Amino acid sequence: MAVHNYDVVVIGTGPAGESAAINAAKHGKRVAVVEKQPMVGGNCTYWGTIPSKALRHQVKQILSFNTNRLFRDIGEPRWFSFPKVMERSRVTIDQQVAMRTNFYARNRIDLYGGVARFKDPHTLVVRGEGESLEELVAGKVIIATGSRPYRPADIDFRHPRIYCSDTILSLSHTPRTLIIFGAGVIGCEYASIFSGLGVKVDLINNRGSLLSFLDDEISDALSYHLRKHGVLIRHNEEYERVEGDESGVTVYLKSGKRLRADAFLWANGRTGNTDELGLETIGLEANGRGQLQVDDHYRTAIPHIYAAGDVIGWPSLASAAYDQGLNACDELLDRDYRYVSDVPTGIYTIPEISSFGRNEWELTEARVPYEVAQAFFKDTARAQITGDTVGMLKILFDQDTLEIYGIHCFGDQASEIVHIGQAIMQQEGAANTLQYFVSTTFKYPTMAEAYRVAAQNGLNRVF
């Protein structure tokens, strides 16, 4: 068995692992990465962010075509099967893999394919294809193995009509009806995707409202538009059992309801990928969801072993994972680093959602006086031109100082629009003010112009 020595070994090539490895290499460290998939990119590229967002984009294009009056003059609406849409989305995955493979080669990072397991706190054994073994000795280790769907033991995921958010990507047909259990971010995104393909969706939520961490008005808007596209939302429900047969799946709920559909998608929670690491060998322990505990330096209980990305839990976003990996590496390099805490939310439903900062409920609970500034997309020229008139921009701000407390956006390009507000909110002192949006010229027609419209609306409320 060959033995190799490195300054830093990174386990996983998702956003956290990639940013950590490249950062270490650029600062003169000898770096190796270990990836269990045949190619680099991690779960983000193969099962999570990239395929689901690419799917969502294809479906949005189909919806735009089928609802555009101009296209109706030259032909009938077109509907595409799920496999056909997924096939087009794989082009993006291939492009991502090629690009990211080049990153490692360009930075002279050694890549090992296989499953890494700790032999001792500084040594990893990598088991590759054909039971080949490599031993990596590292001064520092960064665990960035990501997460996978949580799959309860009482549901038979081997059944050909029962899926999780990973296996749904291999769906070989378009079901007429679909039950989705779990109305979190992933469940809501897939409800949008399948309803956009004409599938009748039952979305089962074990809470009282959709995405309760969002601003109430935004959550209500999402509920309305999902229902408008044919999604039946069932709140405060828990499953008793799920049974699949040759023709479909029956879900028995604890409330006594019995639901029937062609297929079933479980989208309720995720588990950190730590079970194959041999953590017991080095005295590390993951929690019940397979996640590792870290301090605000991204260090585990063993100081030279760091963890970043979905494997440490919140916020389980690719954007945050990239920054976590980057900053974990900066810390081990004794460079300035930050603990990632202020993260914009991005939810790629149709229409999409994004937010940054506090919402109305949080401000009211903290007894912080605030006022609301609003702009409705239907009143902006760019939205009227594109036809994407659904949605709004909402700014929460201090009544006296005009300090901005929160940005909440629902509608086309919401995940792009939010960054303008985020940039202003992160300015220090008096630079974070609603007045900026009135004093700055915004290009017309643009979606960003909604900031000027909202700011003027807000100022009219307080002056």
# chains A, B, ... in the order shown; residues from 1 in each chain; ligands from 1
>>> residues_around(residues="range 168-181 of chain A", least_positions_apart="4", cutoff="7 Å", atoms="only C-alpha atoms", output="count of residues only")
21
>>> select_by_dssp(residues="range 94-176 of chain A", states="strand (DSSP E)", output="PyMOL selection string")
chain A and resi 110-113+115-120+123-127+133-143+147-149+162-164
>>> residues_around(residues="Ile62 in chain A", least_positions_apart="5", cutoff="9 Å", atoms="only C-alpha atoms", output="PyMOL selection string")
chain A and resi 57+67+77-80+196-197
>>> closest_atom_pairs(of="range 181-278 of chain A", to="range 308-325 of chain A", cutoff="10 Å", atoms="only C-alpha atoms", output="JSON lines")
{"residue": "A:Arg270", "atom": "CA", "partner": "A:Gly313", "partner_atom": "CA", "distance": 8.9}
{"residue": "A:Thr271", "atom": "CA", "partner": "A:Val311", "partner_atom": "CA", "distance": 7.9}
{"residue": "A:Gly272", "atom": "CA", "partner": "A:Val311", "partner_atom": "CA", "distance": 4.6}
{"residue": "A:Asn273", "atom": "CA", "partner": "A:Val311", "partner_atom": "CA", "distance": 6.4}
{"residue": "A:Thr274", "atom": "CA", "partner": "A:Val311", "partner_atom": "CA", "distance": 7.5}
>>> select_by_dssp(residues="range 30-252 of chain A", states="helix (DSSP H, G or I)", output="PyMOL selection string")
chain A and resi 42-46+49-67+69-72+82-106+129-131+167-170+185-196+216-228
>>> residues_around(residues="range 331-347 of chain A", least_positions_apart="6", cutoff="10 Å", atoms="only C-alpha atoms", output="JSON, numbers by chain")
{"A": [8, 23, 24, 27, 29, 53, 140, 141, 142, 184, 185, 186, 188, 189, 211, 213, 214, 295, 296, 297, 298, 299, 303, 304, 305, 306, 314, 315, 317, 319, 320, 321, 323, 324, 325, 353, 354, 355, 356, 357, 407, 408, 409, 410, 414, 415, 416, 418, 419, 422, 426]}
>>> atom_distance(atom1="CA of Val59 in chain A", atom2="CA of Trp47 in chain A")
17.6 Å
>>> residues_around(residues="Asp220 in chain A", least_positions_apart="4", cutoff="12 Å", atoms="only C-alpha atoms", output="short mmCIF file (atom, residue, chain, number, x, y, z; two decimals) with all heavy atoms, in the first residue's frame")
data_model
loop_
_atom_site.label_atom_id
_atom_site.label_comp_id
_atom_site.auth_asym_id
_atom_site.auth_seq_id
_atom_site.Cartn_x
_atom_site.Cartn_y
_atom_site.Cartn_z
N GLY A 208 -47.52 23.80 10.13
CA GLY A 208 -48.76 24.54 9.91
C GLY A 208 -48.73 25.48 8.73
O GLY A 208 -49.78 25.98 8.29
N SER A 209 -47.55 25.77 8.19
CA SER A 209 -47.43 26.65 7.03
C SER A 209 -46.18 26.29 6.25
O SER A 209 -45.29 25.60 6.77
CB SER A 209 -47.37 28.13 7.47
OG SER A 209 -46.23 28.35 8.28
N LEU A 210 -46.10 26.77 5.02
CA LEU A 210 -44.94 26.48 4.19
C LEU A 210 -43.75 27.34 4.60
O LEU A 210 -43.90 28.56 4.79
CB LEU A 210 -45.26 26.74 2.71
CG LEU A 210 -46.24 25.81 2.02
CD1 LEU A 210 -46.34 26.18 0.54
CD2 LEU A 210 -45.84 24.35 2.17
N LEU A 211 -42.62 26.74 4.74
CA LEU A 211 -41.35 27.45 4.94
C LEU A 211 -41.52 28.57 5.97
O LEU A 211 -41.37 29.76 5.67
CB LEU A 211 -40.86 28.02 3.60
CG LEU A 211 -40.72 27.01 2.46
CD1 LEU A 211 -40.27 27.68 1.18
CD2 LEU A 211 -39.77 25.89 2.83
N SER A 212 -41.80 28.16 7.19
CA SER A 212 -42.15 29.12 8.24
C SER A 212 -41.02 30.06 8.61
O SER A 212 -41.24 31.06 9.30
CB SER A 212 -42.61 28.36 9.49
OG SER A 212 -41.63 27.42 9.91
N LEU A 214 -39.59 31.91 6.50
CA LEU A 214 -39.73 33.04 5.60
C LEU A 214 -40.65 34.11 6.18
O LEU A 214 -41.41 33.86 7.12
CB LEU A 214 -40.32 32.58 4.25
CG LEU A 214 -39.46 31.69 3.36
CD1 LEU A 214 -40.28 31.27 2.14
CD2 LEU A 214 -38.19 32.40 2.93
N ASP A 215 -40.59 35.29 5.61
CA ASP A 215 -41.56 36.32 5.90
C ASP A 215 -42.96 35.77 5.60
O ASP A 215 -43.17 35.10 4.59
CB ASP A 215 -41.27 37.55 5.02
CG ASP A 215 -42.21 38.70 5.28
OD1 ASP A 215 -43.27 38.73 4.63
OD2 ASP A 215 -41.89 39.54 6.12
N ASP A 216 -43.92 36.05 6.49
CA ASP A 216 -45.27 35.47 6.35
C ASP A 216 -45.89 35.80 4.99
O ASP A 216 -46.56 34.95 4.38
CB ASP A 216 -46.18 35.97 7.46
CG ASP A 216 -45.83 35.38 8.82
OD1 ASP A 216 -45.10 34.36 8.84
OD2 ASP A 216 -46.26 35.92 9.85
N TYR A 224 -50.07 30.37 -2.42
CA TYR A 224 -51.07 30.75 -3.43
C TYR A 224 -50.65 30.27 -4.82
O TYR A 224 -51.45 29.68 -5.56
CB TYR A 224 -51.26 32.27 -3.43
CG TYR A 224 -52.08 32.77 -4.59
CD1 TYR A 224 -53.48 32.69 -4.57
CD2 TYR A 224 -51.46 33.29 -5.73
CE1 TYR A 224 -54.23 33.13 -5.66
CE2 TYR A 224 -52.20 33.73 -6.81
CZ TYR A 224 -53.59 33.65 -6.78
OH TYR A 224 -54.33 34.08 -7.85
N HIS A 225 -49.39 30.50 -5.17
CA HIS A 225 -48.98 30.18 -6.54
C HIS A 225 -48.78 28.68 -6.74
O HIS A 225 -48.98 28.19 -7.86
CB HIS A 225 -47.72 30.98 -6.90
CG HIS A 225 -48.03 32.42 -7.19
ND1 HIS A 225 -48.55 32.84 -8.38
CD2 HIS A 225 -47.93 33.52 -6.41
CE1 HIS A 225 -48.75 34.15 -8.34
NE2 HIS A 225 -48.38 34.59 -7.16
N LEU A 226 -48.41 27.96 -5.70
CA LEU A 226 -48.38 26.50 -5.84
C LEU A 226 -49.79 25.97 -6.08
O LEU A 226 -50.01 25.12 -6.95
CB LEU A 226 -47.78 25.86 -4.58
CG LEU A 226 -46.25 25.95 -4.43
CD1 LEU A 226 -45.82 25.38 -3.08
CD2 LEU A 226 -45.54 25.20 -5.55
N ARG A 227 -50.73 26.48 -5.31
CA ARG A 227 -52.13 26.04 -5.50
C ARG A 227 -52.64 26.44 -6.88
O ARG A 227 -53.39 25.70 -7.53
CB ARG A 227 -53.01 26.63 -4.40
CG ARG A 227 -52.76 26.03 -3.02
CD ARG A 227 -53.77 26.53 -2.00
NE ARG A 227 -53.63 25.85 -0.73
CZ ARG A 227 -53.07 26.39 0.35
NH1 ARG A 227 -52.60 27.63 0.30
NH2 ARG A 227 -52.98 25.71 1.47
N ILE A 353 -37.73 32.63 -4.69
CA ILE A 353 -37.79 33.41 -3.45
C ILE A 353 -36.37 33.66 -2.98
O ILE A 353 -35.50 32.80 -3.09
CB ILE A 353 -38.55 32.63 -2.35
CG1 ILE A 353 -40.00 32.38 -2.76
CG2 ILE A 353 -38.49 33.36 -1.02
CD1 ILE A 353 -40.72 31.39 -1.87
N GLY A 391 -44.99 38.84 -8.30
CA GLY A 391 -43.97 39.01 -7.29
C GLY A 391 -43.85 40.41 -6.75
O GLY A 391 -44.53 41.34 -7.19
N PHE A 410 -39.93 37.97 -3.85
CA PHE A 410 -40.66 36.84 -4.41
C PHE A 410 -40.94 37.16 -5.87
O PHE A 410 -41.50 38.20 -6.19
CB PHE A 410 -41.98 36.65 -3.67
CG PHE A 410 -42.86 35.55 -4.22
CD1 PHE A 410 -42.57 34.23 -3.97
CD2 PHE A 410 -43.98 35.85 -4.97
CE1 PHE A 410 -43.38 33.21 -4.48
CE2 PHE A 410 -44.80 34.85 -5.47
CZ PHE A 410 -44.49 33.52 -5.23
#
>>> residues_around(residues="Tyr444 in chain A", least_positions_apart="3", cutoff="10 Å", atoms="only C-alpha atoms", output="JSON, numbers by chain")
{"A": [380, 381, 382, 441, 447, 448, 449]}
>>> atom_distance(atom1="CA of Asp275 in chain A", atom2="CA of Gly290 in chain A")
7.1 Å
>>> residues_around(residues="range 130-132 of chain A", least_positions_apart="2", cutoff="10 Å", atoms="only C-alpha atoms", output="list in words")
Met1, Ala2, Gly114, Val126, Arg127, Gly128 and Glu134 of chain A
>>> write_last_selection(atoms="N, CA, C and O atoms", output="CSV table (one decimal), in the first residue's frame")
chain,number,residue,atom,x,y,z
A,1,MET,N,0.9,-1.2,0.0
A,1,MET,CA,0.0,0.0,0.0
A,1,MET,C,0.9,1.2,0.0
A,1,MET,O,1.7,1.4,0.9
A,2,ALA,N,0.7,2.1,-1.0
A,2,ALA,CA,1.5,3.3,-1.1
A,2,ALA,C,1.1,4.3,-0.1
A,2,ALA,O,-0.1,4.4,0.3
A,114,GLY,N,-12.3,7.3,-4.4
A,114,GLY,CA,-12.6,6.2,-3.5
A,114,GLY,C,-13.1,6.7,-2.2
A,114,GLY,O,-13.4,7.9,-2.0
A,126,VAL,N,-7.6,5.3,1.7
A,126,VAL,CA,-8.6,5.5,0.6
A,126,VAL,C,-8.7,4.2,-0.1
A,126,VAL,O,-7.8,3.6,-0.7
A,127,ARG,N,-10.0,3.7,-0.1
A,127,ARG,CA,-10.3,2.4,-0.9
A,127,ARG,C,-10.9,2.8,-2.2
A,127,ARG,O,-12.0,3.3,-2.2
A,128,GLY,N,-10.2,2.5,-3.3
A,128,GLY,CA,-10.7,2.8,-4.6
A,128,GLY,C,-11.3,1.6,-5.3
A,128,GLY,O,-11.6,0.6,-4.7
A,134,GLU,N,-4.8,3.3,-0.9
A,134,GLU,CA,-3.8,4.4,-0.8
A,134,GLU,C,-3.9,4.9,0.7
A,134,GLU,O,-5.0,5.1,1.2
>>> closest_residue(among="A:Glu276, A:Glu35, A:Asp166, A:Asp120", to="Pro51 in chain A", atoms="only C-alpha atoms")
A:Asp166
>>> closest_residue(among="A:Gly17, A:Tyr46, A:Gly12, A:Arg108", to="Arg30 in chain A", atoms="only C-alpha atoms")
A:Arg108
>>> atom_distance(atom1="CA of Met86 in chain A", atom2="CA of Ile193 in chain A")
11.1 Å
>>> closest_residue(among="A:Pro121, A:Thr13, A:Lys60, A:Asp73", to="Arg100 in chain A", atoms="only C-alpha atoms")
A:Thr13
>>> closest_residue(among="A:Leu111, A:Val9, A:Ala454, A:Met99", to="Leu136 in chain A", atoms="only C-alpha atoms")
A:Val9
